[in-house]
>>> print(open('protein25.tsv').read())   # TSV, C-alpha atoms
chain	number	residue	atom	x	y	z
A	1	MET	CA	11.48	75.25	-74.95
A	2	ASN	CA	8.49	77.24	-73.69
A	3	GLU	CA	10.08	77.30	-70.25
A	4	LYS	CA	13.30	78.74	-71.65
A	5	ILE	CA	11.76	81.43	-73.84
A	6	SER	CA	9.40	82.46	-71.02
A	7	LEU	CA	12.29	82.59	-68.53
A	8	GLY	CA	10.69	79.91	-66.40
A	9	ARG	CA	7.19	81.43	-66.28
A	10	ALA	CA	5.22	79.24	-68.72
A	11	LEU	CA	4.63	76.22	-66.51
A	12	LYS	CA	3.91	78.32	-63.42
A	13	ALA	CA	1.24	80.19	-65.38
A	14	ARG	CA	-0.36	76.92	-66.53
A	15	LYS	CA	-0.47	75.62	-62.95
A	16	HIS	CA	-1.90	78.89	-61.64
A	17	LEU	CA	-4.66	78.78	-64.25
A	18	ALA	CA	-5.42	75.15	-63.32
A	19	ASP	CA	-5.87	76.24	-59.70
A	20	GLU	CA	-8.16	79.11	-60.72
A	21	LEU	CA	-10.47	76.73	-62.63
A	22	LYS	CA	-11.70	75.21	-59.33
A	23	LEU	CA	-11.86	71.70	-60.75
A	24	LYS	CA	-14.29	69.17	-59.29
A	25	GLN	CA	-14.64	65.43	-59.75
A	26	GLY	CA	-16.42	64.33	-62.90
A	27	MET	CA	-16.17	67.63	-64.74
A	28	SER	CA	-16.00	67.71	-68.51
A	29	ILE	CA	-13.07	69.77	-69.79
A	30	LEU	CA	-12.09	71.09	-73.22
A	31	ASP	CA	-8.38	71.67	-73.77
A	32	ALA	CA	-8.54	73.94	-76.81
A	33	GLY	CA	-5.23	73.76	-78.63
A	34	ILE	CA	-3.96	70.75	-76.70
A	35	GLY	CA	-0.58	70.74	-78.45
A	36	PHE	CA	1.72	68.21	-76.78
A	37	GLY	CA	-0.73	67.66	-73.91
A	38	THR	CA	1.06	69.62	-71.19
A	39	MET	CA	-2.04	71.44	-69.91
A	40	THR	CA	-4.19	68.32	-69.94
A	41	GLU	CA	-1.56	66.48	-67.93
A	42	ILE	CA	-1.60	69.26	-65.31
A	43	LEU	CA	-5.41	69.20	-65.09
A	44	LEU	CA	-5.62	65.42	-64.72
A	45	SER	CA	-2.87	65.40	-62.10
A	46	ARG	CA	-5.06	67.71	-59.98
A	47	SER	CA	-8.33	65.84	-60.44
A	48	PRO	CA	-7.93	62.35	-61.92
A	49	SER	CA	-11.68	61.82	-62.41
A	50	LEU	CA	-11.99	64.54	-65.05
A	51	THR	CA	-12.98	63.78	-68.61
A	52	VAL	CA	-10.87	65.84	-71.04
A	53	VAL	CA	-11.43	66.46	-74.73
A	54	GLY	CA	-8.27	67.69	-76.44
A	55	LEU	CA	-8.84	69.75	-79.57
A	56	ASP	CA	-6.20	70.72	-82.11
A	57	ALA	CA	-6.09	71.52	-85.80
A	58	SER	CA	-2.80	69.63	-86.21
A	59	THR	CA	-2.88	65.85	-86.60
A	60	ARG	CA	0.83	65.79	-85.74
A	61	LEU	CA	0.20	67.47	-82.39
A	62	LEU	CA	-2.80	65.25	-81.66
A	63	HIS	CA	-0.59	62.23	-82.24
A	64	ALA	CA	2.05	63.68	-79.92
A	65	ALA	CA	-0.57	64.32	-77.22
A	66	SER	CA	-1.86	60.77	-77.60
A	67	GLU	CA	1.64	59.35	-77.19
A	68	ARG	CA	2.18	61.43	-74.07
A	69	LEU	CA	-1.15	60.94	-72.32
A	70	ASN	CA	-2.48	57.50	-73.22
A	71	ARG	CA	0.00	55.67	-71.01
A	72	SER	CA	-1.54	57.13	-67.85
A	73	TYR	CA	-4.92	58.57	-68.86
A	74	ARG	CA	-6.18	56.42	-71.74
A	75	ASN	CA	-9.78	56.22	-70.50
A	76	GLN	CA	-10.10	59.89	-69.60
A	77	ILE	CA	-9.12	61.72	-72.78
A	78	GLN	CA	-10.58	62.02	-76.24
A	79	LEU	CA	-8.68	63.76	-79.01
A	80	VAL	CA	-10.53	65.65	-81.72
A	81	ARG	CA	-9.28	67.53	-84.76
A	82	GLY	CA	-10.97	70.89	-85.24
A	83	THR	CA	-10.71	74.66	-85.15
A	84	PHE	CA	-11.74	77.21	-82.56
A	85	GLU	CA	-14.09	78.94	-84.98
A	86	ALA	CA	-16.20	75.81	-85.69
A	87	LEU	CA	-16.13	73.57	-82.62
A	88	PRO	CA	-17.56	70.09	-83.35
A	89	PHE	CA	-19.44	69.88	-80.05
A	90	LYS	CA	-23.01	70.35	-78.86
A	91	ASN	CA	-24.16	73.40	-76.92
A	92	GLY	CA	-23.28	73.70	-73.24
A	93	CYS	CA	-21.31	70.46	-72.97
A	94	PHE	CA	-18.17	71.61	-71.10
A	95	ASP	CA	-17.89	72.63	-67.45
A	96	ARG	CA	-14.44	74.13	-68.06
A	97	ILE	CA	-12.56	75.26	-71.15
A	98	VAL	CA	-8.86	76.03	-71.16
A	99	SER	CA	-6.57	77.33	-73.90
A	100	ALA	CA	-2.87	77.42	-73.07
A	101	TYR	CA	-0.59	79.28	-75.48
A	102	ALA	CA	-3.00	78.57	-78.34
A	103	PHE	CA	-5.81	81.14	-78.39
A	104	ARG	CA	-3.47	83.67	-80.05
A	105	ASP	CA	-3.45	81.46	-83.16
A	106	SER	CA	-7.19	81.68	-83.78
A	107	ARG	CA	-7.90	83.18	-87.19
A	108	ASN	CA	-11.13	84.88	-86.13
A	109	ARG	CA	-11.07	85.64	-82.42
A	110	ALA	CA	-14.64	86.95	-82.29
A	111	ALA	CA	-15.96	83.76	-83.89
A	112	ALA	CA	-13.80	81.66	-81.56
A	113	ILE	CA	-15.17	83.46	-78.50
A	114	ASP	CA	-18.72	82.87	-79.75
A	115	GLU	CA	-17.99	79.17	-80.13
A	116	PHE	CA	-16.37	78.81	-76.72
A	117	HIS	CA	-19.38	80.50	-75.17
A	118	ARG	CA	-21.74	78.21	-77.08
A	119	VAL	CA	-20.16	75.02	-75.73
A	120	SER	CA	-19.76	76.34	-72.17
A	121	ALA	CA	-22.15	75.03	-69.54
A	122	SER	CA	-24.08	77.49	-67.40
A	123	GLN	CA	-21.61	79.09	-64.97
A	124	GLY	CA	-18.78	77.34	-66.81
A	125	LEU	CA	-15.29	78.85	-66.76
A	126	PHE	CA	-13.09	79.64	-69.75
A	127	GLY	CA	-9.41	80.09	-68.91
A	128	ILE	CA	-6.67	81.43	-71.15
A	129	VAL	CA	-2.93	81.63	-70.56
A	130	ASP	CA	-1.01	83.17	-73.42
A	131	LEU	CA	1.30	85.76	-74.85
A	132	GLY	CA	0.01	89.24	-74.11
A	133	LYS	CA	0.29	92.71	-75.62
A	134	PRO	CA	0.17	95.49	-72.98
A	135	ARG	CA	-1.51	98.78	-73.84
A	136	ASN	CA	1.12	100.88	-72.05
A	137	PHE	CA	3.61	102.15	-74.66
A	138	LEU	CA	6.81	101.51	-72.70
A	139	LYS	CA	5.75	98.04	-71.59
A	140	ARG	CA	4.69	97.18	-75.13
A	141	PHE	CA	8.03	98.41	-76.51
A	142	ILE	CA	9.94	96.14	-74.12
A	143	VAL	CA	7.71	93.10	-74.70
A	144	THR	CA	7.80	93.62	-78.48
A	145	ALA	CA	11.61	93.79	-78.47
A	146	TYR	CA	11.77	90.60	-76.41
A	147	VAL	CA	9.37	88.70	-78.68
A	148	ARG	CA	11.02	89.95	-81.87
A	149	HIS	CA	14.69	89.60	-80.98
A	150	PHE	CA	15.29	87.61	-77.82
A	151	ILE	CA	12.85	84.68	-78.14
A	152	PRO	CA	14.28	83.48	-81.48
A	153	VAL	CA	17.84	83.78	-80.17
A	154	ILE	CA	17.06	81.86	-76.96
A	155	ALA	CA	15.26	79.22	-79.02
A	156	TRP	CA	18.15	78.96	-81.47
A	157	PHE	CA	20.67	78.14	-78.75
A	158	SER	CA	18.27	75.75	-77.00
A	159	MET	CA	16.92	73.69	-79.90
A	160	SER	CA	17.87	70.08	-80.43
A	161	ASP	CA	19.49	69.01	-83.67
A	162	SER	CA	16.29	67.20	-84.67
A	163	ILE	CA	14.48	70.51	-85.30
A	164	SER	CA	15.16	72.14	-88.65
A	165	GLY	CA	15.02	75.91	-88.98
A	166	ASN	CA	13.74	78.06	-86.13
A	167	PRO	CA	9.92	78.01	-85.85
A	168	TRP	CA	10.04	80.57	-83.01
A	169	TRP	CA	10.68	83.34	-85.52
A	170	MET	CA	6.98	83.01	-86.40
A	171	ILE	CA	5.86	84.10	-82.93
A	172	PHE	CA	6.52	87.74	-83.79
A	173	SER	CA	4.13	87.72	-86.74
A	174	THR	CA	1.48	86.27	-84.44
A	175	TYR	CA	2.27	88.87	-81.79
A	176	LYS	CA	1.93	91.74	-84.29
A	177	ALA	CA	-1.58	90.58	-85.16
A	178	LEU	CA	-2.73	90.55	-81.53
A	179	GLY	CA	-4.94	93.24	-80.12
A	180	SER	CA	-4.06	94.67	-76.72
A	181	ASN	CA	-4.76	92.76	-73.54
A	182	SER	CA	-7.59	95.12	-72.67
A	183	ASP	CA	-9.09	94.67	-76.15
A	184	LEU	CA	-9.13	90.90	-75.63
A	185	VAL	CA	-10.89	91.25	-72.28
A	186	THR	CA	-13.46	93.58	-73.86
A	187	SER	CA	-14.11	91.04	-76.62
A	188	LEU	CA	-14.54	88.25	-74.10
A	189	ARG	CA	-16.98	90.30	-72.04
A	190	SER	CA	-19.28	90.55	-75.05
A	191	ARG	CA	-20.09	86.86	-74.41
A	192	PHE	CA	-18.67	86.17	-70.93
A	193	PRO	CA	-19.78	89.14	-68.79
A	194	GLN	CA	-17.44	88.17	-65.95
A	195	ALA	CA	-13.91	88.24	-67.33
A	196	SER	CA	-10.76	89.18	-65.42
A	197	ILE	CA	-7.09	89.32	-66.37
A	198	GLU	CA	-3.77	88.92	-64.59
A	199	GLU	CA	-0.82	90.50	-66.38
A	200	ASN	CA	2.68	89.16	-65.74
A	201	ALA	CA	6.08	89.97	-67.24
A	202	LEU	CA	5.04	93.59	-68.01
A	203	GLY	CA	1.86	92.29	-69.61
A	204	GLY	CA	3.66	89.95	-71.97
A	205	LEU	CA	2.16	86.91	-70.24
A	206	ILE	CA	-1.54	86.93	-69.42
A	207	ILE	CA	-3.92	84.72	-67.48
A	208	ILE	CA	-7.61	85.32	-68.17
A	209	LEU	CA	-10.62	83.76	-66.45
A	210	ALA	CA	-14.09	84.25	-67.89
A	211	ARG	CA	-17.39	82.89	-66.59
A	212	ALA	CA	-20.42	82.03	-68.70
A	213	THR	CA	-23.82	83.08	-67.41
>>> encode(input="protein25.tsv", output="structure tokens")
Amino acid sequence: MNEKISLGRALKARKHLADELKLKQGMSILDAGIGFGTMTEILLSRSPSLTVVGLDASTRLLHAASERLNRSYRNQIQLVRGTFEALPFKNGCFDRIVSAYAFRDSRNRAAAIDEFHRVSASQGLFGIVDLGKPRNFLKRFIVTAYVRHFIPVIAWFSMSDSISGNPWWMIFSTYKALGSNSDLVTSLRSRFPQASIEENALGGLIIILARAT
């Protein structure tokens, strides 16, 4: 579904972020908001010796990730229930942190950024791929119209009969609560001085890479 509503860009963005993380053998990775395990699967396919901790607040999604990943990567993943604002991990324990289409759902983004910085190793990288909100008025108008009107319609015609209702209507309420892309980068730089952003699809899809000192 993400591929359809992103017009084929979602998976490409995940893979590009995985490349930018410069993964090395034996690294410890946090997949923050693991969802169904798509991002973890991409990371492990690039460097099979990684150790990945998948975090999610939803037990249903953790179960889905377990079902997907344990067949091939049982000894390399650990699944943990928790929130971005109160990570249940010790300081400096992750070489890389990634959040794919999940950071937007954090309830307190400043607190989440503080926590991700706390658990990042020295010179660790924090990568985000997510829905973006451009500052430019015209670009924002187009992206807003797409999120509000087109995503739910595309989802409606693409959903299987096993899904009741249309959960993609909720994306717009999340989008409205977002700050601009530049605001997010500014917030990240308060804890990760080196933070850069790539804006795609008129700024509606962003890839951010931030380095801890």
>>> atom_distance(input="protein25.tsv", atom1="atom CA of A:Gly92", atom2="atom CA of A:Lys22")
18.2 Å
>>> residues_around(input="protein25.tsv", residues="A:Ser58", least_positions_apart="3", cutoff="9 Å", atoms="only C-alpha atoms", output="ChimeraX atom specification")
/A:33,35,55,61-63,81-82
>>> atom_distance(input="protein25.tsv", atom1="atom CA of A:Ser66", atom2="atom CA of A:Phe36")
8.3 Å
>>> residues_around(input="protein25.tsv", residues="A:Val143", least_positions_apart="6", cutoff="12 Å", atoms="all atoms listed in the file", output="PyMOL selection string")
chain A and resi 6+131-137+149-151+172+175-176+200-205
>>> residues_near_point(input="protein25.tsv", point="(-10.9, 64.0, -58.4)", cutoff="8 Å", atoms="only C-alpha atoms", output="ChimeraX atom specification")
/A:24-26,46-50
>>> decode(input="protein25.tsv", residues="stretch 99-159 of chain A", atoms="C-alpha atoms", output="PDB file, in the first residue's frame")
ATOM      1  CA  SER A  99      12.982   5.500  11.510  1.00  0.00           C
ATOM      2  CA  ALA A 100      11.041   4.782   8.329  1.00  0.00           C
ATOM      3  CA  TYR A 101       7.593   6.360   7.998  1.00  0.00           C
ATOM      4  CA  ALA A 102       7.228   6.393  11.788  1.00  0.00           C
ATOM      5  CA  PHE A 103       8.923   9.466  13.273  1.00  0.00           C
ATOM      6  CA  ARG A 104       5.938  11.614  12.251  1.00  0.00           C
ATOM      7  CA  ASP A 105       3.825   9.729  14.812  1.00  0.00           C
ATOM      8  CA  SER A 106       5.932  10.737  17.814  1.00  0.00           C
ATOM      9  CA  ARG A 107       3.834  12.633  20.333  1.00  0.00           C
ATOM     10  CA  ASN A 108       6.688  14.847  21.529  1.00  0.00           C
ATOM     11  CA  ARG A 109       9.281  15.253  18.802  1.00  0.00           C
ATOM     12  CA  ALA A 110      11.727  17.224  20.944  1.00  0.00           C
ATOM     13  CA  ALA A 111      11.704  14.505  23.616  1.00  0.00           C
ATOM     14  CA  ALA A 112      12.070  11.827  20.932  1.00  0.00           C
ATOM     15  CA  ILE A 113      15.092  13.589  19.435  1.00  0.00           C
ATOM     16  CA  ASP A 114      16.666  13.826  22.898  1.00  0.00           C
ATOM     17  CA  GLU A 115      16.163  10.098  23.395  1.00  0.00           C
ATOM     18  CA  PHE A 116      17.546   9.129  20.004  1.00  0.00           C
ATOM     19  CA  HIS A 117      20.607  11.236  20.708  1.00  0.00           C
ATOM     20  CA  ARG A 118      21.013   9.630  24.131  1.00  0.00           C
ATOM     21  CA  VAL A 119      21.135   6.092  22.748  1.00  0.00           C
ATOM     22  CA  SER A 120      23.351   6.986  19.768  1.00  0.00           C
ATOM     23  CA  ALA A 121      26.985   5.945  19.906  1.00  0.00           C
ATOM     24  CA  SER A 122      29.678   8.547  19.294  1.00  0.00           C
ATOM     25  CA  GLN A 123      29.627   9.404  15.579  1.00  0.00           C
ATOM     26  CA  GLY A 124      26.482   7.302  15.208  1.00  0.00           C
ATOM     27  CA  LEU A 125      24.019   8.076  12.423  1.00  0.00           C
ATOM     28  CA  PHE A 126      20.288   8.681  12.765  1.00  0.00           C
ATOM     29  CA  GLY A 127      18.338   8.316   9.519  1.00  0.00           C
ATOM     30  CA  ILE A 128      14.731   9.283   8.863  1.00  0.00           C
ATOM     31  CA  VAL A 129      12.588   8.683   5.798  1.00  0.00           C
ATOM     32  CA  ASP A 130       9.085  10.057   6.098  1.00  0.00           C
ATOM     33  CA  LEU A 131       6.271  12.255   4.931  1.00  0.00           C
ATOM     34  CA  GLY A 132       7.439  15.845   4.618  1.00  0.00           C
ATOM     35  CA  LYS A 133       5.901  19.312   4.747  1.00  0.00           C
ATOM     36  CA  PRO A 134       7.688  21.816   2.472  1.00  0.00           C
ATOM     37  CA  ARG A 135       7.975  25.434   3.559  1.00  0.00           C
ATOM     38  CA  ASN A 136       7.317  26.817   0.070  1.00  0.00           C
ATOM     39  CA  PHE A 137       3.619  27.790  -0.153  1.00  0.00           C
ATOM     40  CA  LEU A 138       2.899  26.356  -3.604  1.00  0.00           C
ATOM     41  CA  LYS A 139       4.685  23.082  -2.916  1.00  0.00           C
ATOM     42  CA  ARG A 140       2.909  22.766   0.420  1.00  0.00           C
ATOM     43  CA  PHE A 141      -0.467  23.426  -1.221  1.00  0.00           C
ATOM     44  CA  ILE A 142       0.118  20.622  -3.733  1.00  0.00           C
ATOM     45  CA  VAL A 143       1.453  18.146  -1.157  1.00  0.00           C
ATOM     46  CA  THR A 144      -1.391  18.964   1.256  1.00  0.00           C
ATOM     47  CA  ALA A 145      -4.000  18.377  -1.451  1.00  0.00           C
ATOM     48  CA  TYR A 146      -2.386  15.058  -2.324  1.00  0.00           C
ATOM     49  CA  VAL A 147      -2.250  13.870   1.291  1.00  0.00           C
ATOM     50  CA  ARG A 148      -5.778  15.048   2.069  1.00  0.00           C
ATOM     51  CA  HIS A 149      -7.624  13.901  -1.040  1.00  0.00           C
ATOM     52  CA  PHE A 150      -5.600  11.557  -3.222  1.00  0.00           C
ATOM     53  CA  ILE A 151      -3.950   9.214  -0.696  1.00  0.00           C
ATOM     54  CA  PRO A 152      -7.259   8.046   0.830  1.00  0.00           C
ATOM     55  CA  VAL A 153      -8.767   7.521  -2.625  1.00  0.00           C
ATOM     56  CA  ILE A 154      -5.765   5.522  -3.883  1.00  0.00           C
ATOM     57  CA  ALA A 155      -5.830   3.483  -0.678  1.00  0.00           C
ATOM     58  CA  TRP A 156      -9.567   2.873  -0.971  1.00  0.00           C
ATOM     59  CA  PHE A 157      -9.266   1.332  -4.426  1.00  0.00           C
ATOM     60  CA  SER A 158      -6.176  -0.678  -3.455  1.00  0.00           C
ATOM     61  CA  MET A 159      -7.203  -2.167  -0.113  1.00  0.00           C
TER      62      MET A 159
END
